[in-house]
Amino acid sequence: MLKLMYITNDPAVAKIAADAGVDRIFIDMEVLGKAERQGGMDTVQSHHTPEDIAKVRAAIGDQAEIMARVNPLNPNSQTEIDDAIANGADVIMLPMWRTADDLRQLVHMVNGRAKVMPLLETDTAADNLPEALAILGIDQMHIGLNDLHLCYHQRFMFQLLTDDTVDRLCAGLREANIPYGFGGVGRPGSGTLPAEYIIGEHYRLGSQYVILSRSFCNTEKTTDLDEIRRIFTEGVEDIRSVERDCAAWTQEQFDENHRRVCACVENIVRGMNA
């Protein structure tokens with residue numbers, strides 16, 4: 001089963017997510033350069049803190065892991081990482097890395113105190129992936145479709161699934177025996193690109209991680225905790241149901257699902273261009 005990750009610094013929402021079977025609560029402390037990169041896009045820009053990690057840990061105990069996304073490498077990186085780990089982070093995610101040396105620095109700063117999950121979201125990182133994968137101490141990797149598709153001047157992030165970019169990156173990670181995931185997913189039965197199709201691609205590519213997108217449960221619009229609990233309980237079960245089906249697919253079924261993804265993405269991009 002995919003390990004599901006959800007971004008929140010709200011202890012009550014984190015507890016509901018963990019109770020529903022979300023595997024990892026994602027505390028997002030990245031702010032440096034993010035507004036400039038994603039200006040004008042309908043993206044979430046969180047302003048979480050190390051103290052949020054401690055509050056979420058107190059709420060969820062050991063029910064789920066906590067991952068902290070720190071800022072891209074900067075003069076304060078060691079302090080950011082130390083503070084995240086001291087407050088209870090199990091996993092450190094570094095965004096916007098570009099070179100193998102960036103990851104050497106990351107591994108050195110974490111120093112075995114937490115899992116290391118770099119976020120591959122630049123074309124330079126993609127080019128340098130073979131060298132980066134030789135570094136000891138990288139536990140997992142996530143492919144960030146949002147910033148990566150901007151690097152390639154694409155209109156829609158899931159074009160990376162149709163031009164073999166994600167296939168190529170996943171193949172390299174698989175060969176290096178590093179667990180990986182990519183992108184996000186909403187609730188099955190929703191989305192212009194159906195969540196079922198995306199989950200099928202995760203199974204085709206051997207992905208182990210996915211972020212539950214804002215469309216899965218937008219707590220800015222839905223604030224009632226009972227309704228949030230219903231959304232998570234039913235939504236996670238819907239995802240697991242799709243996964244059970246995908247786990248039994250033949251190669252022909254995976255190929256057919258990939259063709260559906262390509263056709264759907266092509267239609268979406270055609271509409272955006274129009």
# chains A, B, ... in the order shown; residues from 1 in each chain; ligands from 1
>>> residues_around(residues="Asp82 (chain A)", least_positions_apart="5", cutoff="10 Å", atoms="only C-alpha atoms", output="JSON, numbers by chain")
{"A": [50, 77, 87, 89, 109, 110, 113]}
>>> select_by_dssp(residues="region 123-262 of chain A", states="strand (DSSP E or B)", output="PDB file with all heavy atoms, in the first residue's frame")
ATOM      1  N   MET A 141      13.229   9.152  -1.599  1.00  0.00           N
ATOM      2  CA  MET A 141      13.231  10.326  -2.462  1.00  0.00           C
ATOM      3  C   MET A 141      11.808  10.578  -2.947  1.00  0.00           C
ATOM      4  O   MET A 141      11.076   9.635  -3.237  1.00  0.00           O
ATOM      5  CB  MET A 141      14.161  10.137  -3.661  1.00  0.00           C
ATOM      6  CG  MET A 141      14.247  11.349  -4.533  1.00  0.00           C
ATOM      7  SD  MET A 141      15.788  12.232  -4.676  1.00  0.00           S
ATOM      8  CE  MET A 141      17.136  11.247  -4.348  1.00  0.00           C
ATOM      9  N   HIS A 142      11.427  11.854  -3.007  1.00  0.00           N
ATOM     10  CA  HIS A 142      10.123  12.208  -3.565  1.00  0.00           C
ATOM     11  C   HIS A 142      10.348  13.096  -4.780  1.00  0.00           C
ATOM     12  O   HIS A 142      11.189  14.001  -4.753  1.00  0.00           O
ATOM     13  CB  HIS A 142       9.265  12.946  -2.537  1.00  0.00           C
ATOM     14  CG  HIS A 142       7.799  12.936  -2.893  1.00  0.00           C
ATOM     15  ND1 HIS A 142       7.002  11.831  -2.701  1.00  0.00           N
ATOM     16  CD2 HIS A 142       6.998  13.892  -3.436  1.00  0.00           C
ATOM     17  CE1 HIS A 142       5.772  12.103  -3.110  1.00  0.00           C
ATOM     18  NE2 HIS A 142       5.744  13.349  -3.568  1.00  0.00           N
ATOM     19  N   ILE A 143       9.602  12.826  -5.839  1.00  0.00           N
ATOM     20  CA  ILE A 143       9.673  13.624  -7.063  1.00  0.00           C
ATOM     21  C   ILE A 143       8.562  14.662  -7.008  1.00  0.00           C
ATOM     22  O   ILE A 143       7.376  14.321  -6.996  1.00  0.00           O
ATOM     23  CB  ILE A 143       9.528  12.725  -8.303  1.00  0.00           C
ATOM     24  CG1 ILE A 143      10.623  11.652  -8.320  1.00  0.00           C
ATOM     25  CG2 ILE A 143       9.571  13.562  -9.579  1.00  0.00           C
ATOM     26  CD1 ILE A 143      10.385  10.540  -9.330  1.00  0.00           C
ATOM     27  N   TYR A 180      10.736   5.462  -3.277  1.00  0.00           N
ATOM     28  CA  TYR A 180      10.418   6.754  -3.861  1.00  0.00           C
ATOM     29  C   TYR A 180       8.912   6.925  -4.016  1.00  0.00           C
ATOM     30  O   TYR A 180       8.137   5.960  -3.967  1.00  0.00           O
ATOM     31  CB  TYR A 180      11.084   6.909  -5.235  1.00  0.00           C
ATOM     32  CG  TYR A 180      10.771   5.769  -6.181  1.00  0.00           C
ATOM     33  CD1 TYR A 180       9.663   5.803  -7.013  1.00  0.00           C
ATOM     34  CD2 TYR A 180      11.592   4.637  -6.224  1.00  0.00           C
ATOM     35  CE1 TYR A 180       9.369   4.749  -7.865  1.00  0.00           C
ATOM     36  CE2 TYR A 180      11.307   3.579  -7.072  1.00  0.00           C
ATOM     37  CZ  TYR A 180      10.193   3.636  -7.886  1.00  0.00           C
ATOM     38  OH  TYR A 180       9.907   2.589  -8.717  1.00  0.00           O
ATOM     39  N   GLY A 181       8.536   8.182  -4.189  1.00  0.00           N
ATOM     40  CA  GLY A 181       7.160   8.521  -4.504  1.00  0.00           C
ATOM     41  C   GLY A 181       7.152   9.739  -5.399  1.00  0.00           C
ATOM     42  O   GLY A 181       8.201  10.295  -5.721  1.00  0.00           O
ATOM     43  N   PHE A 182       5.963  10.165  -5.792  1.00  0.00           N
ATOM     44  CA  PHE A 182       5.877  11.369  -6.615  1.00  0.00           C
ATOM     45  C   PHE A 182       4.514  12.019  -6.451  1.00  0.00           C
ATOM     46  O   PHE A 182       3.492  11.364  -6.252  1.00  0.00           O
ATOM     47  CB  PHE A 182       6.152  11.074  -8.097  1.00  0.00           C
ATOM     48  CG  PHE A 182       5.163  10.127  -8.750  1.00  0.00           C
ATOM     49  CD1 PHE A 182       3.979  10.595  -9.299  1.00  0.00           C
ATOM     50  CD2 PHE A 182       5.433   8.772  -8.830  1.00  0.00           C
ATOM     51  CE1 PHE A 182       3.075   9.734  -9.917  1.00  0.00           C
ATOM     52  CE2 PHE A 182       4.545   7.893  -9.444  1.00  0.00           C
ATOM     53  CZ  PHE A 182       3.366   8.380  -9.984  1.00  0.00           C
ATOM     54  N   GLY A 183       4.521  13.342  -6.515  1.00  0.00           N
ATOM     55  CA  GLY A 183       3.299  14.123  -6.637  1.00  0.00           C
ATOM     56  C   GLY A 183       2.271  13.912  -5.546  1.00  0.00           C
ATOM     57  O   GLY A 183       2.560  13.457  -4.447  1.00  0.00           O
ATOM     58  N   GLY A 184       1.052  14.302  -5.893  1.00  0.00           N
ATOM     59  CA  GLY A 184      -0.063  14.209  -4.961  1.00  0.00           C
ATOM     60  C   GLY A 184      -1.270  13.577  -5.629  1.00  0.00           C
ATOM     61  O   GLY A 184      -1.295  13.372  -6.842  1.00  0.00           O
ATOM     62  N   VAL A 185      -2.283  13.295  -4.806  1.00  0.00           N
ATOM     63  CA  VAL A 185      -3.496  12.654  -5.317  1.00  0.00           C
ATOM     64  C   VAL A 185      -4.685  13.132  -4.495  1.00  0.00           C
ATOM     65  O   VAL A 185      -4.575  13.378  -3.293  1.00  0.00           O
ATOM     66  CB  VAL A 185      -3.375  11.105  -5.269  1.00  0.00           C
ATOM     67  CG1 VAL A 185      -3.375  10.581  -3.835  1.00  0.00           C
ATOM     68  CG2 VAL A 185      -4.466  10.440  -6.084  1.00  0.00           C
ATOM     69  N   TYR A 209       5.131   6.312  -2.096  1.00  0.00           N
ATOM     70  CA  TYR A 209       4.696   7.486  -1.338  1.00  0.00           C
ATOM     71  C   TYR A 209       3.869   8.404  -2.215  1.00  0.00           C
ATOM     72  O   TYR A 209       4.172   8.596  -3.395  1.00  0.00           O
ATOM     73  CB  TYR A 209       5.906   8.291  -0.816  1.00  0.00           C
ATOM     74  CG  TYR A 209       6.828   7.516   0.087  1.00  0.00           C
ATOM     75  CD1 TYR A 209       7.900   6.791  -0.438  1.00  0.00           C
ATOM     76  CD2 TYR A 209       6.634   7.496   1.463  1.00  0.00           C
ATOM     77  CE1 TYR A 209       8.750   6.070   0.378  1.00  0.00           C
ATOM     78  CE2 TYR A 209       7.484   6.784   2.296  1.00  0.00           C
ATOM     79  CZ  TYR A 209       8.531   6.067   1.749  1.00  0.00           C
ATOM     80  OH  TYR A 209       9.373   5.348   2.559  1.00  0.00           O
ATOM     81  N   VAL A 210       2.847   9.037  -1.622  1.00  0.00           N
ATOM     82  CA  VAL A 210       2.087  10.067  -2.324  1.00  0.00           C
ATOM     83  C   VAL A 210       1.531  11.041  -1.295  1.00  0.00           C
ATOM     84  O   VAL A 210       1.183  10.651  -0.168  1.00  0.00           O
ATOM     85  CB  VAL A 210       0.950   9.450  -3.173  1.00  0.00           C
ATOM     86  CG1 VAL A 210      -0.136   8.823  -2.301  1.00  0.00           C
ATOM     87  CG2 VAL A 210       0.356  10.490  -4.118  1.00  0.00           C
ATOM     88  N   ILE A 211       1.472  12.304  -1.684  1.00  0.00           N
ATOM     89  CA  ILE A 211       0.901  13.341  -0.824  1.00  0.00           C
ATOM     90  C   ILE A 211      -0.594  13.439  -1.112  1.00  0.00           C
ATOM     91  O   ILE A 211      -1.014  13.460  -2.269  1.00  0.00           O
ATOM     92  CB  ILE A 211       1.581  14.699  -1.096  1.00  0.00           C
ATOM     93  CG1 ILE A 211       3.076  14.616  -0.793  1.00  0.00           C
ATOM     94  CG2 ILE A 211       0.930  15.803  -0.266  1.00  0.00           C
ATOM     95  CD1 ILE A 211       3.873  15.809  -1.304  1.00  0.00           C
ATOM     96  N   LEU A 212      -1.400  13.488  -0.059  1.00  0.00           N
ATOM     97  CA  LEU A 212      -2.817  13.771  -0.235  1.00  0.00           C
ATOM     98  C   LEU A 212      -2.950  15.262  -0.538  1.00  0.00           C
ATOM     99  O   LEU A 212      -2.556  16.107   0.265  1.00  0.00           O
ATOM    100  CB  LEU A 212      -3.606  13.401   1.024  1.00  0.00           C
ATOM    101  CG  LEU A 212      -3.613  11.912   1.388  1.00  0.00           C
ATOM    102  CD1 LEU A 212      -4.362  11.691   2.684  1.00  0.00           C
ATOM    103  CD2 LEU A 212      -4.202  11.073   0.271  1.00  0.00           C
TER     104      LEU A 212
END
>>> residues_around(residues="Gly200 (chain A)", least_positions_apart="4", cutoff="8 Å", atoms="only C-alpha atoms", output="VMD selection string")
chain A and resid 196 204 243 246 254 257 to 258
>>> select_by_dssp(residues="region 25-274 of chain A", states="alpha helix (DSSP H)", output="count of residues only")
119
>>> closest_residue(among="A:Lys115, A:Arg98, A:Arg155, A:His47", to="Ile66 (chain A)", atoms="only C-alpha atoms")
A:Lys115
>>> residues_around(residues="Val242 (chain A)", least_positions_apart="2", cutoff="8 Å", atoms="only C-alpha atoms", output="list in words")
Pro188, Glu196, Ile199, Asp238, Ile239, Arg240, Arg244, Asp245 and Cys246 of chain A
>>> atom_distance(atom1="CA of Arg260 (chain A)", atom2="CA of Thr162 (chain A)")
10.3 Å
>>> residues_around(residues="Asp127 (chain A)", least_positions_apart="3", cutoff="10 Å", atoms="only C-alpha atoms", output="list in words")
Arg98, Thr99, Thr122, Asp123, Thr124, Pro130, Glu131, Ala132 and Leu169 of chain A
>>> write_last_selection(atoms="N, CA, C and O atoms", output="PDB file, in the first residue's frame")
ATOM      1  N   ARG A  98      20.136  20.472  -6.020  1.00  0.00           N
ATOM      2  CA  ARG A  98      20.538  20.437  -7.426  1.00  0.00           C
ATOM      3  C   ARG A  98      21.716  19.508  -7.708  1.00  0.00           C
ATOM      4  O   ARG A  98      21.820  18.967  -8.809  1.00  0.00           O
ATOM      5  N   THR A  99      22.588  19.324  -6.744  1.00  0.00           N
ATOM      6  CA  THR A  99      23.807  18.554  -6.998  1.00  0.00           C
ATOM      7  C   THR A  99      23.992  17.468  -5.953  1.00  0.00           C
ATOM      8  O   THR A  99      23.380  17.506  -4.869  1.00  0.00           O
ATOM      9  N   THR A 122      13.942  19.846  -9.511  1.00  0.00           N
ATOM     10  CA  THR A 122      14.613  20.713 -10.476  1.00  0.00           C
ATOM     11  C   THR A 122      15.175  19.867 -11.610  1.00  0.00           C
ATOM     12  O   THR A 122      15.524  18.696 -11.423  1.00  0.00           O
ATOM     13  N   ASP A 123      15.286  20.492 -12.788  1.00  0.00           N
ATOM     14  CA  ASP A 123      15.860  19.770 -13.923  1.00  0.00           C
ATOM     15  C   ASP A 123      17.327  19.436 -13.671  1.00  0.00           C
ATOM     16  O   ASP A 123      17.824  18.390 -14.109  1.00  0.00           O
ATOM     17  N   THR A 124      18.024  20.302 -12.942  1.00  0.00           N
ATOM     18  CA  THR A 124      19.430  20.033 -12.626  1.00  0.00           C
ATOM     19  C   THR A 124      19.553  18.813 -11.730  1.00  0.00           C
ATOM     20  O   THR A 124      20.450  17.970 -11.913  1.00  0.00           O
ATOM     21  N   PRO A 130      21.966  10.300 -11.152  1.00  0.00           N
ATOM     22  CA  PRO A 130      22.854   9.132 -11.041  1.00  0.00           C
ATOM     23  C   PRO A 130      23.989   9.341 -10.049  1.00  0.00           C
ATOM     24  O   PRO A 130      24.293   8.449  -9.238  1.00  0.00           O
ATOM     25  N   GLU A 131      24.642  10.503 -10.079  1.00  0.00           N
ATOM     26  CA  GLU A 131      25.724  10.782  -9.131  1.00  0.00           C
ATOM     27  C   GLU A 131      25.174  10.913  -7.715  1.00  0.00           C
ATOM     28  O   GLU A 131      25.775  10.409  -6.751  1.00  0.00           O
ATOM     29  N   ALA A 132      24.014  11.542  -7.565  1.00  0.00           N
ATOM     30  CA  ALA A 132      23.437  11.742  -6.237  1.00  0.00           C
ATOM     31  C   ALA A 132      23.076  10.424  -5.571  1.00  0.00           C
ATOM     32  O   ALA A 132      23.197  10.269  -4.351  1.00  0.00           O
ATOM     33  N   LEU A 169      13.091   8.755 -14.016  1.00  0.00           N
ATOM     34  CA  LEU A 169      13.579   9.011 -12.658  1.00  0.00           C
ATOM     35  C   LEU A 169      13.286   7.826 -11.730  1.00  0.00           C
ATOM     36  O   LEU A 169      14.128   7.429 -10.925  1.00  0.00           O
TER      37      LEU A 169
END
>>> atom_distance(atom1="CA of Arg24 (chain A)", atom2="CA of Val265 (chain A)")
28.5 Å
>>> closest_residue(among="A:Val91, A:Ala64, A:Val166, A:Ala134", to="Asp28 (chain A)", atoms="only C-alpha atoms")
A:Val91
>>> residues_around(residues="region 4-14 of chain A", least_positions_apart="3", cutoff="9 Å", atoms="only C-alpha atoms", output="PyMOL selection string")
chain A and resi 1+17-19+21-28+46+48-49+52-53+55-60+67+184+208-214+219+225+228-229+236
>>> atom_distance(atom1="CA of Phe158 (chain A)", atom2="CA of Leu145 (chain A)")
7.1 Å
>>> closest_residue(among="A:Ala248, A:Leu119, A:Ile81, A:Asn128", to="Tyr203 (chain A)", atoms="only C-alpha atoms")
A:Ala248
>>> residues_around(residues="Thr192 (chain A)", least_positions_apart="2", cutoff="8 Å", atoms="only C-alpha atoms", output="list in words")
Ser190, Pro194 and Ile268 of chain A
>>> write_last_selection(atoms="N, CA, C and O atoms", output="compact mmCIF listing (two decimals), in the first residue's frame")
# COMPACT_ATOMS: atom_id res chain seq x y z
N SER A 190 -12.94 11.92 -8.10
CA SER A 190 -12.86 13.36 -8.28
C SER A 190 -11.63 13.70 -9.11
O SER A 190 -10.73 12.88 -9.27
N PRO A 194 -8.59 11.84 -13.16
CA PRO A 194 -9.12 11.06 -12.04
C PRO A 194 -8.04 10.47 -11.14
O PRO A 194 -7.01 9.99 -11.61
N ILE A 268 -6.45 18.01 -21.18
CA ILE A 268 -6.34 19.10 -20.21
C ILE A 268 -5.41 20.20 -20.74
O ILE A 268 -5.73 21.39 -20.67
>>> closest_residue(among="A:Ala247, A:Gly189, A:His202, A:Tyr152", to="Cys170 (chain A)", atoms="only C-alpha atoms")
A:His202
